[in-house]
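What follows is a set of notes on a single structure, which appears directly below.
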Amino acid sequence: MLLILTHENADFDAVASQLAASKLYPEGVPLLSWRVNRNVEQFLTLYWDALPFMRPVDLRRSRVEKVILVDTLSLPSVRGIRPDKVDVLVIDHHELGDPPNEQWSYHTDTVGATTTLLVEMLQERGLSISVNEATLLLLGIHEDTGSLVYGTTTVRDAQATAWLMQQGAQLSVIRRFLNIQLSDQQQLLYETLQDQAEWLKIEGQNILISAVSAPPGFDDEISAVAHRLRDTLTPDGMFLLVQLKYNHVQLVARSSTDNVDVSIIARALGGGGHSRAAAATIMDKPISGTRDEIVELLPAAVKPMAKVDQIMSYGVQVLPSDTKISEAGKRMQRWGHEGYPVVDPQSTKLIGLLTRRMVDRALNHQMGDLPVKHVMRAGRVSVQPSDSVEAVQRLMIQEGWGQIPVVRENKDDPSEPELIGIVTRTDLLNILTNGLSSYDEPDMRELMINSLPKAVWALVQAVSIVAHQLEMPLYFVGGLVRDLLLEKPPMDIDMVVEGDAIALVKHLRKRYGGESRSHAQFGTAKWLLTKECWQRIAPDIEVDNVPMDIDFVTARTEIYAQPSALPEVEHGSIKLDLHRRDFTINTLAVRLDGAHLGELFDFYGGLRDLQSGVIRVLHSLSFVDDPTRILRAVRLEQRLQFGIEERSSELIHEALPMLNRVTGERIRNELVMCLNEEQRFEILVRLAEIGVLAQIHPGLTLQSQMSASFRDAEKILDDPKWGESLVEVPTAFAYFALMLLPLTPTIQQEVMARLKVRKSTIDDLSAAKKLLVELAGLPADPLPSRVVKIMRFYANRVIMVTQAAAGIESSIGSIISQYIREWRYVRPSLNGNDLMELGLKAGPKVGELLDRLLAARLNGTVRDEFGERELIAQWIAEDADESDRLEA
């Protein structure tokens, strides 16, 4: 016998899941629980004849061989079931929690309702359902997802809902049975729970706990009371404890936010559920003790609230109150800011806020010459870094300010807070929409200790101290942080400073020595270290193979005056500095100064995308601003084995024509970086796939032999027989030449013209083509001397490219291998001086005979110096005889 079971106090999701399971397993019996919720019972009473359910009292004792368990992870006690003798399949949307039963099978997934999983299975099998069945299934999804508004709701729930409506589910019935009035007993319990409610504040969340005894004779479900109480009092989390007969306590828990996971507490008390709704039955424990246990467990169930310092921008730009409105408008247009804090020009005290809307209205009324104090919103609304994000939200709503200045205590003047940053409406919407990263924040200090050389870690600590003393926030940013998180050794060590990078380097020089170079225009400085500097920084640490210069950059922001142009740069905050970057995974920053050492900043979801293996562009116009980012996206994708996010792929496709505006040098430089990657061929394939190569030139295509040529080039570059011959060969040149060689001469010339290829590269490519032709014209088994005569005047880089293009195993490749391995080293034992000692006069004849002598050695005609001397003597004698004959 196959039974389809669910939990006690069954709600619509449980019963609907039983119905769907009976459609999938028609031999199964959907056995109702002893207790179902009142609204479910009313529905079943009305539609009983159209549904396949069986009540427990009607179940005949029979051997149960298999159980389908829906919407619960616990097997209920049913006649005929021996837990150790029955096969169990669990279909549920709850987390497994405790280690699963190894003897059971599980079909679980994270969706809003178990019914959703079963509806998907019905669709996959193409099964039809009646209108009444569709209505019950839709009730199951609506009740467990709060009509699709709970935070646990997924797209799949909405899709299942849409399909059920297509099957004729009746919304009027949904409304009727989801909004049933409380019974008299439930109403009395509701009032008692409300009277006894106590409120706790945990991590900024409002938690309601109410522990009461049930009214005499209470025999109804508590869940409906919980729904009503939650809707009335709107707590963030709610835990209702009701003492029932038979000495047991019923817990019903509800949550209105992702920050409170009530299932954690329910599971700890022996129950279960999901993050928004959970329950437990506690036997033989006093209700007061259970209440105390819940209070102790609450910190584990409540996530810490996001604080202002997690979303704010440091280093706020302000406007003096005497700034002209027209000038304020220009600044807003240039930097895209929606508002500026306004300060008193003498005291720099915060006195108001100026918004873009105010400026636009003033300019429309020809008020551009007036100071901003005439149109600003006066006031001193502000928050502190430790305030909660919810406090910011309330303040924005109350005051109508879209940007709230962030202040901290001013050490010099405690009565006047110091303005340190700003939090905007966009910052708030981002966290409300996306939340903080759901991933565990890595221990960046530990990562740096493990990943950086000991001497470099000592350097970081030394610079941290100086930056802290100067009150200059200091950061690692971008690729360095990305690689640390991926546990890859960082390639370059550079730092970003909120403040003055040049001043910081001057202080470092003063303390540790070294030299510096700076560019005041860009706010950058390079600290040139010596061995003595390193010994002062890391006196007891080996300092071999450490960087001898460190770049420091003042945090800045960029504006693209027109698409594809180089950006204009101005100083900015770390958030603005990160905002100018290309992809989210390159927007991570680690703060390094003082006590902040190791703090991870993730304003744009970079950690999420890094964990998910996604390349996501930061802005919708990013590829338009700088189309070379398209090539960078592909390079990162292939290097990290990530995938380009779908919307970013669409933006790439839309921005491809913008590559026509980019100079050939910039595109060539990006291609060179692609060719320097280990995954160079995969990068080219991807560039061809998305249309980049064709956009550079329609004839720039990947030829069939190119893959083999690239593999052979890798072998050649790693081949020890080439020795130091390839030290001069840039890796990118070899692969660039191999990419162009298979193309027609016309396309080659046009591509090189588009990419502004250097003349030396053009000459080398032409030489490789010529060498290929010359070697192809040799007989099948050419004399070594003929090969050497052809090849000895070609540069090693040209020979290397020629062998890779022809193929190592080809006849030309074999000839080149012999030349590289053997023939190029062959030299005659005799030199020019030796020949002159044998009677020859200095002149062209000496060189001619040396060439003939080399050929003889290469071809095996002579093998030692004695043979060379005999051969030279013979040639001299032959020349003498020829001279005598001519004279005669």
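The chains in the structure tokens are called A, B, ... from first to last as shown; in each chain the residues are counted from 1, and the ligands are counted from 1 in the order shown.
These are the residues of segment 275-326 of chain A assigned alpha helix (DSSP H) by DSSP from backbone coordinates: Ile287, Ser288, Gly289, Thr290, Arg291, Asp292, Glu293, Ile294, Val295, Glu296, Leu297, Leu298, Pro299, Ala300, Ala301, Ile325 and Ser326 of chain A.
Atom CA of Gly368 of chain A is positioned 4.8 Å from atom CA of Ile325 of chain A.
Each of A:Arg230, A:Arg291, A:Arg35, A:His365 was compared to Ser256 of chain A using only C-alpha atoms, and A:Arg230 turns out to be the nearest.
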Backbone-only DSSP, strand (DSSP E or B) members of segment 605-768 of chain A, as a ChimeraX atom specification: /A:614-615,617,643-644
Considering only C-alpha atoms, return as an mmCIF file with N, CA, C and O atoms, in the first residue's frame whatever protein or nucleic-acid residues lie within 10 Å of Glu774 of chain A, sequence-local ones (same chain, fewer than 6 positions apart) excluded.
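This is the output file out-v4.cif:
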data_model
loop_
_atom_site.group_PDB
_atom_site.id
_atom_site.type_symbol
_atom_site.label_atom_id
_atom_site.label_comp_id
_atom_site.auth_asym_id
_atom_site.auth_seq_id
_atom_site.Cartn_x
_atom_site.Cartn_y
_atom_site.Cartn_z
ATOM 1 N N ALA A 768 58.257 36.173 -42.240
ATOM 2 C CA ALA A 768 57.761 34.820 -41.967
ATOM 3 C C ALA A 768 57.075 34.234 -43.196
ATOM 4 O O ALA A 768 57.248 33.045 -43.527
ATOM 5 N N VAL A 787 69.678 24.745 -46.423
ATOM 6 C CA VAL A 787 68.757 25.229 -45.392
ATOM 7 C C VAL A 787 69.393 26.380 -44.613
ATOM 8 O O VAL A 787 68.775 27.427 -44.381
ATOM 9 N N ILE A 790 69.517 29.663 -46.339
ATOM 10 C CA ILE A 790 68.245 30.381 -46.343
ATOM 11 C C ILE A 790 67.961 31.008 -44.980
ATOM 12 O O ILE A 790 67.568 32.173 -44.868
ATOM 13 N N MET A 791 68.199 30.236 -43.911
ATOM 14 C CA MET A 791 67.649 30.614 -42.609
ATOM 15 C C MET A 791 68.552 31.497 -41.764
ATOM 16 O O MET A 791 68.071 32.152 -40.831
ATOM 17 N N ILE A 812 58.447 21.112 -43.145
ATOM 18 C CA ILE A 812 59.103 22.389 -42.849
ATOM 19 C C ILE A 812 59.438 22.470 -41.366
ATOM 20 O O ILE A 812 60.530 22.917 -40.975
#
Could you list, as a PyMOL selection string, every residue within 12 Å of Ser573 of chain A, counting only C-alpha atoms and ignoring same-chain residues fewer than 6 positions away? chain A and resi 312-317+420-422+472-475+496-500+553-558+579-580
Name the residues in contact with Val463 of chain A at a cut-off of 10 Å, using only C-alpha atoms, excluding same-chain residues fewer than 6 positions from it; report them as a list in words.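 Selected residues are Trp457, Gln469, Leu474, Met495, Leu504, Val505, His507, Leu508, Ile537, Leu592, Asp593 and Gly594 of chain A.
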Contact residues around Asn859 of chain A with only C-alpha atoms at 7 Å, ignoring same-chain residues under 3 positions, as JSON, numbers by chain: {"A": [783, 784, 785, 855, 856]}
Fewer than 3 positions away in the same chain doesn't count, so skip those; otherwise give me all residues within 12 Å of Gln159 of chain A, counting only C-alpha atoms, as a PDB file with all heavy atoms, in the first residue's frame.
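Now in part30.pdb:
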ATOM      1  N   VAL A 111      11.796  26.770  -2.731  1.00  0.00           N
ATOM      2  CA  VAL A 111      10.721  27.551  -3.348  1.00  0.00           C
ATOM      3  C   VAL A 111       9.768  27.984  -2.247  1.00  0.00           C
ATOM      4  O   VAL A 111       9.914  27.598  -1.093  1.00  0.00           O
ATOM      5  CB  VAL A 111       9.977  26.746  -4.439  1.00  0.00           C
ATOM      6  CG1 VAL A 111      10.874  26.495  -5.647  1.00  0.00           C
ATOM      7  CG2 VAL A 111       9.467  25.416  -3.887  1.00  0.00           C
ATOM      8  N   GLY A 112       8.764  28.776  -2.616  1.00  0.00           N
ATOM      9  CA  GLY A 112       7.877  29.316  -1.596  1.00  0.00           C
ATOM     10  C   GLY A 112       6.879  28.326  -1.034  1.00  0.00           C
ATOM     11  O   GLY A 112       6.401  28.482   0.090  1.00  0.00           O
ATOM     12  N   THR A 116       4.332  24.084  -5.285  1.00  0.00           N
ATOM     13  CA  THR A 116       5.024  24.524  -6.501  1.00  0.00           C
ATOM     14  C   THR A 116       5.851  23.394  -7.099  1.00  0.00           C
ATOM     15  O   THR A 116       5.830  23.166  -8.313  1.00  0.00           O
ATOM     16  CB  THR A 116       5.930  25.725  -6.183  1.00  0.00           C
ATOM     17  OG1 THR A 116       5.124  26.830  -5.779  1.00  0.00           O
ATOM     18  CG2 THR A 116       6.755  26.128  -7.396  1.00  0.00           C
ATOM     19  N   LEU A 117       6.580  22.668  -6.259  1.00  0.00           N
ATOM     20  CA  LEU A 117       7.405  21.557  -6.752  1.00  0.00           C
ATOM     21  C   LEU A 117       6.539  20.508  -7.441  1.00  0.00           C
ATOM     22  O   LEU A 117       6.893  19.985  -8.506  1.00  0.00           O
ATOM     23  CB  LEU A 117       8.168  20.914  -5.596  1.00  0.00           C
ATOM     24  CG  LEU A 117       9.169  21.800  -4.835  1.00  0.00           C
ATOM     25  CD1 LEU A 117       9.760  21.031  -3.659  1.00  0.00           C
ATOM     26  CD2 LEU A 117      10.280  22.267  -5.760  1.00  0.00           C
ATOM     27  N   VAL A 119       3.449  20.926  -8.711  1.00  0.00           N
ATOM     28  CA  VAL A 119       2.844  21.467  -9.931  1.00  0.00           C
ATOM     29  C   VAL A 119       3.831  21.366 -11.096  1.00  0.00           C
ATOM     30  O   VAL A 119       3.455  21.031 -12.225  1.00  0.00           O
ATOM     31  CB  VAL A 119       2.379  22.920  -9.714  1.00  0.00           C
ATOM     32  CG1 VAL A 119       2.042  23.589 -11.044  1.00  0.00           C
ATOM     33  CG2 VAL A 119       1.163  22.949  -8.791  1.00  0.00           C
ATOM     34  N   GLU A 120       5.103  21.649 -10.818  1.00  0.00           N
ATOM     35  CA  GLU A 120       6.120  21.517 -11.866  1.00  0.00           C
ATOM     36  C   GLU A 120       6.209  20.081 -12.368  1.00  0.00           C
ATOM     37  O   GLU A 120       6.364  19.831 -13.574  1.00  0.00           O
ATOM     38  CB  GLU A 120       7.479  21.975 -11.332  1.00  0.00           C
ATOM     39  CG  GLU A 120       7.562  23.475 -11.091  1.00  0.00           C
ATOM     40  CD  GLU A 120       8.860  23.901 -10.432  1.00  0.00           C
ATOM     41  OE1 GLU A 120       9.563  23.039  -9.866  1.00  0.00           O
ATOM     42  OE2 GLU A 120       9.179  25.104 -10.490  1.00  0.00           O
ATOM     43  N   GLN A 123       3.292  19.393 -14.646  1.00  0.00           N
ATOM     44  CA  GLN A 123       3.518  19.978 -15.964  1.00  0.00           C
ATOM     45  C   GLN A 123       4.474  19.116 -16.788  1.00  0.00           C
ATOM     46  O   GLN A 123       4.249  18.895 -17.979  1.00  0.00           O
ATOM     47  CB  GLN A 123       4.092  21.393 -15.812  1.00  0.00           C
ATOM     48  CG  GLN A 123       3.096  22.406 -15.241  1.00  0.00           C
ATOM     49  CD  GLN A 123       3.745  23.758 -15.055  1.00  0.00           C
ATOM     50  OE1 GLN A 123       4.292  24.058 -13.996  1.00  0.00           O
ATOM     51  NE2 GLN A 123       3.703  24.584 -16.083  1.00  0.00           N
ATOM     52  N   LEU A 138      -3.776  26.134  -6.106  1.00  0.00           N
ATOM     53  CA  LEU A 138      -3.474  27.559  -6.047  1.00  0.00           C
ATOM     54  C   LEU A 138      -3.614  28.094  -4.623  1.00  0.00           C
ATOM     55  O   LEU A 138      -2.833  28.953  -4.191  1.00  0.00           O
ATOM     56  CB  LEU A 138      -4.390  28.334  -7.001  1.00  0.00           C
ATOM     57  CG  LEU A 138      -4.042  29.815  -7.209  1.00  0.00           C
ATOM     58  CD1 LEU A 138      -2.609  29.982  -7.689  1.00  0.00           C
ATOM     59  CD2 LEU A 138      -5.012  30.455  -8.203  1.00  0.00           C
ATOM     60  N   ILE A 141      -0.318  27.419  -2.813  1.00  0.00           N
ATOM     61  CA  ILE A 141       0.775  28.347  -3.115  1.00  0.00           C
ATOM     62  C   ILE A 141       0.494  29.715  -2.510  1.00  0.00           C
ATOM     63  O   ILE A 141       1.383  30.339  -1.907  1.00  0.00           O
ATOM     64  CB  ILE A 141       0.981  28.446  -4.638  1.00  0.00           C
ATOM     65  CG1 ILE A 141       1.411  27.089  -5.206  1.00  0.00           C
ATOM     66  CG2 ILE A 141       2.019  29.506  -4.970  1.00  0.00           C
ATOM     67  CD1 ILE A 141       1.548  27.052  -6.711  1.00  0.00           C
ATOM     68  N   LEU A 148       2.210  35.523  -2.923  1.00  0.00           N
ATOM     69  CA  LEU A 148       3.414  35.833  -3.710  1.00  0.00           C
ATOM     70  C   LEU A 148       4.168  37.075  -3.226  1.00  0.00           C
ATOM     71  O   LEU A 148       4.966  37.637  -3.977  1.00  0.00           O
ATOM     72  CB  LEU A 148       3.093  35.989  -5.209  1.00  0.00           C
ATOM     73  CG  LEU A 148       2.385  34.819  -5.884  1.00  0.00           C
ATOM     74  CD1 LEU A 148       2.146  35.139  -7.357  1.00  0.00           C
ATOM     75  CD2 LEU A 148       3.195  33.536  -5.752  1.00  0.00           C
ATOM     76  N   THR A 153       9.236  33.768  -1.622  1.00  0.00           N
ATOM     77  CA  THR A 153       8.615  33.507  -2.922  1.00  0.00           C
ATOM     78  C   THR A 153       9.664  33.551  -4.024  1.00  0.00           C
ATOM     79  O   THR A 153      10.570  34.383  -4.016  1.00  0.00           O
ATOM     80  CB  THR A 153       7.518  34.556  -3.209  1.00  0.00           C
ATOM     81  OG1 THR A 153       6.585  34.567  -2.136  1.00  0.00           O
ATOM     82  CG2 THR A 153       6.800  34.243  -4.510  1.00  0.00           C
ATOM     83  N   THR A 154       9.528  32.636  -4.990  1.00  0.00           N
ATOM     84  CA  THR A 154      10.457  32.578  -6.122  1.00  0.00           C
ATOM     85  C   THR A 154       9.690  32.764  -7.432  1.00  0.00           C
ATOM     86  O   THR A 154       8.453  32.714  -7.464  1.00  0.00           O
ATOM     87  CB  THR A 154      11.201  31.231  -6.164  1.00  0.00           C
ATOM     88  OG1 THR A 154      10.256  30.193  -6.490  1.00  0.00           O
ATOM     89  CG2 THR A 154      11.861  30.928  -4.833  1.00  0.00           C
ATOM     90  N   VAL A 155      10.447  32.939  -8.495  1.00  0.00           N
ATOM     91  CA  VAL A 155       9.845  33.032  -9.827  1.00  0.00           C
ATOM     92  C   VAL A 155       9.065  31.764 -10.143  1.00  0.00           C
ATOM     93  O   VAL A 155       8.009  31.803 -10.781  1.00  0.00           O
ATOM     94  CB  VAL A 155      10.942  33.276 -10.886  1.00  0.00           C
ATOM     95  CG1 VAL A 155      10.373  33.191 -12.293  1.00  0.00           C
ATOM     96  CG2 VAL A 155      11.600  34.630 -10.673  1.00  0.00           C
ATOM     97  N   ARG A 156       9.570  30.638  -9.668  1.00  0.00           N
ATOM     98  CA  ARG A 156       8.906  29.362  -9.948  1.00  0.00           C
ATOM     99  C   ARG A 156       7.513  29.306  -9.324  1.00  0.00           C
ATOM    100  O   ARG A 156       6.592  28.720  -9.903  1.00  0.00           O
ATOM    101  CB  ARG A 156       9.779  28.215  -9.448  1.00  0.00           C
ATOM    102  CG  ARG A 156      11.070  28.079 -10.251  1.00  0.00           C
ATOM    103  CD  ARG A 156      12.102  27.235  -9.539  1.00  0.00           C
ATOM    104  NE  ARG A 156      11.666  25.866  -9.335  1.00  0.00           N
ATOM    105  CZ  ARG A 156      12.361  24.953  -8.651  1.00  0.00           C
ATOM    106  NH1 ARG A 156      13.522  25.299  -8.110  1.00  0.00           N
ATOM    107  NH2 ARG A 156      11.907  23.721  -8.511  1.00  0.00           N
ATOM    108  N   ALA A 162       0.631  30.983 -12.428  1.00  0.00           N
ATOM    109  CA  ALA A 162       0.107  31.323 -13.750  1.00  0.00           C
ATOM    110  C   ALA A 162      -0.464  30.088 -14.452  1.00  0.00           C
ATOM    111  O   ALA A 162      -1.525  30.146 -15.077  1.00  0.00           O
ATOM    112  CB  ALA A 162       1.208  31.959 -14.592  1.00  0.00           C
ATOM    113  N   TRP A 163       0.239  28.964 -14.353  1.00  0.00           N
ATOM    114  CA  TRP A 163      -0.238  27.743 -15.013  1.00  0.00           C
ATOM    115  C   TRP A 163      -1.561  27.274 -14.402  1.00  0.00           C
ATOM    116  O   TRP A 163      -2.473  26.853 -15.118  1.00  0.00           O
ATOM    117  CB  TRP A 163       0.825  26.648 -14.889  1.00  0.00           C
ATOM    118  CG  TRP A 163       0.451  25.384 -15.620  1.00  0.00           C
ATOM    119  CD1 TRP A 163       0.495  25.160 -16.957  1.00  0.00           C
ATOM    120  CD2 TRP A 163      -0.059  24.182 -15.025  1.00  0.00           C
ATOM    121  NE1 TRP A 163       0.066  23.882 -17.249  1.00  0.00           N
ATOM    122  CE2 TRP A 163      -0.281  23.263 -16.077  1.00  0.00           C
ATOM    123  CE3 TRP A 163      -0.336  23.787 -13.725  1.00  0.00           C
ATOM    124  CZ2 TRP A 163      -0.773  21.971 -15.860  1.00  0.00           C
ATOM    125  CZ3 TRP A 163      -0.831  22.503 -13.496  1.00  0.00           C
ATOM    126  CH2 TRP A 163      -1.044  21.611 -14.554  1.00  0.00           C
ATOM    127  N   LEU A 164      -1.664  27.351 -13.067  1.00  0.00           N
ATOM    128  CA  LEU A 164      -2.914  26.939 -12.409  1.00  0.00           C
ATOM    129  C   LEU A 164      -4.075  27.832 -12.819  1.00  0.00           C
ATOM    130  O   LEU A 164      -5.217  27.354 -12.983  1.00  0.00           O
ATOM    131  CB  LEU A 164      -2.728  26.947 -10.893  1.00  0.00           C
ATOM    132  CG  LEU A 164      -1.773  25.868 -10.343  1.00  0.00           C
ATOM    133  CD1 LEU A 164      -1.484  26.110  -8.872  1.00  0.00           C
ATOM    134  CD2 LEU A 164      -2.353  24.476 -10.563  1.00  0.00           C
ATOM    135  N   MET A 165      -3.814  29.123 -12.997  1.00  0.00           N
ATOM    136  CA  MET A 165      -4.877  30.011 -13.467  1.00  0.00           C
ATOM    137  C   MET A 165      -5.293  29.654 -14.888  1.00  0.00           C
ATOM    138  O   MET A 165      -6.477  29.739 -15.248  1.00  0.00           O
ATOM    139  CB  MET A 165      -4.413  31.464 -13.374  1.00  0.00           C
ATOM    140  CG  MET A 165      -4.233  31.952 -11.940  1.00  0.00           C
ATOM    141  SD  MET A 165      -3.671  33.665 -11.823  1.00  0.00           S
ATOM    142  CE  MET A 165      -5.108  34.514 -12.481  1.00  0.00           C
ATOM    143  N   GLN A 166      -4.335  29.223 -15.683  1.00  0.00           N
ATOM    144  CA  GLN A 166      -4.678  28.765 -17.036  1.00  0.00           C
ATOM    145  C   GLN A 166      -5.549  27.512 -16.996  1.00  0.00           C
ATOM    146  O   GLN A 166      -6.332  27.267 -17.912  1.00  0.00           O
ATOM    147  CB  GLN A 166      -3.401  28.488 -17.831  1.00  0.00           C
ATOM    148  CG  GLN A 166      -2.600  29.740 -18.188  1.00  0.00           C
ATOM    149  CD  GLN A 166      -1.269  29.411 -18.817  1.00  0.00           C
ATOM    150  OE1 GLN A 166      -0.795  28.273 -18.759  1.00  0.00           O
ATOM    151  NE2 GLN A 166      -0.633  30.407 -19.432  1.00  0.00           N
TER     152      GLN A 166
END
To one decimal in Å, tell me the separation between atom CA of Val78 of chain A and atom CA of Pro286 of chain A.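 Atom CA of Pro286 of chain A lies 28.2 Å from atom CA of Val78 of chain A.
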Residue with smallest distance to Ala197 of chain A - pool A:Ile180, A:Thr530, A:Phe239, A:Leu459, counting only C-alpha atoms: A:Phe239
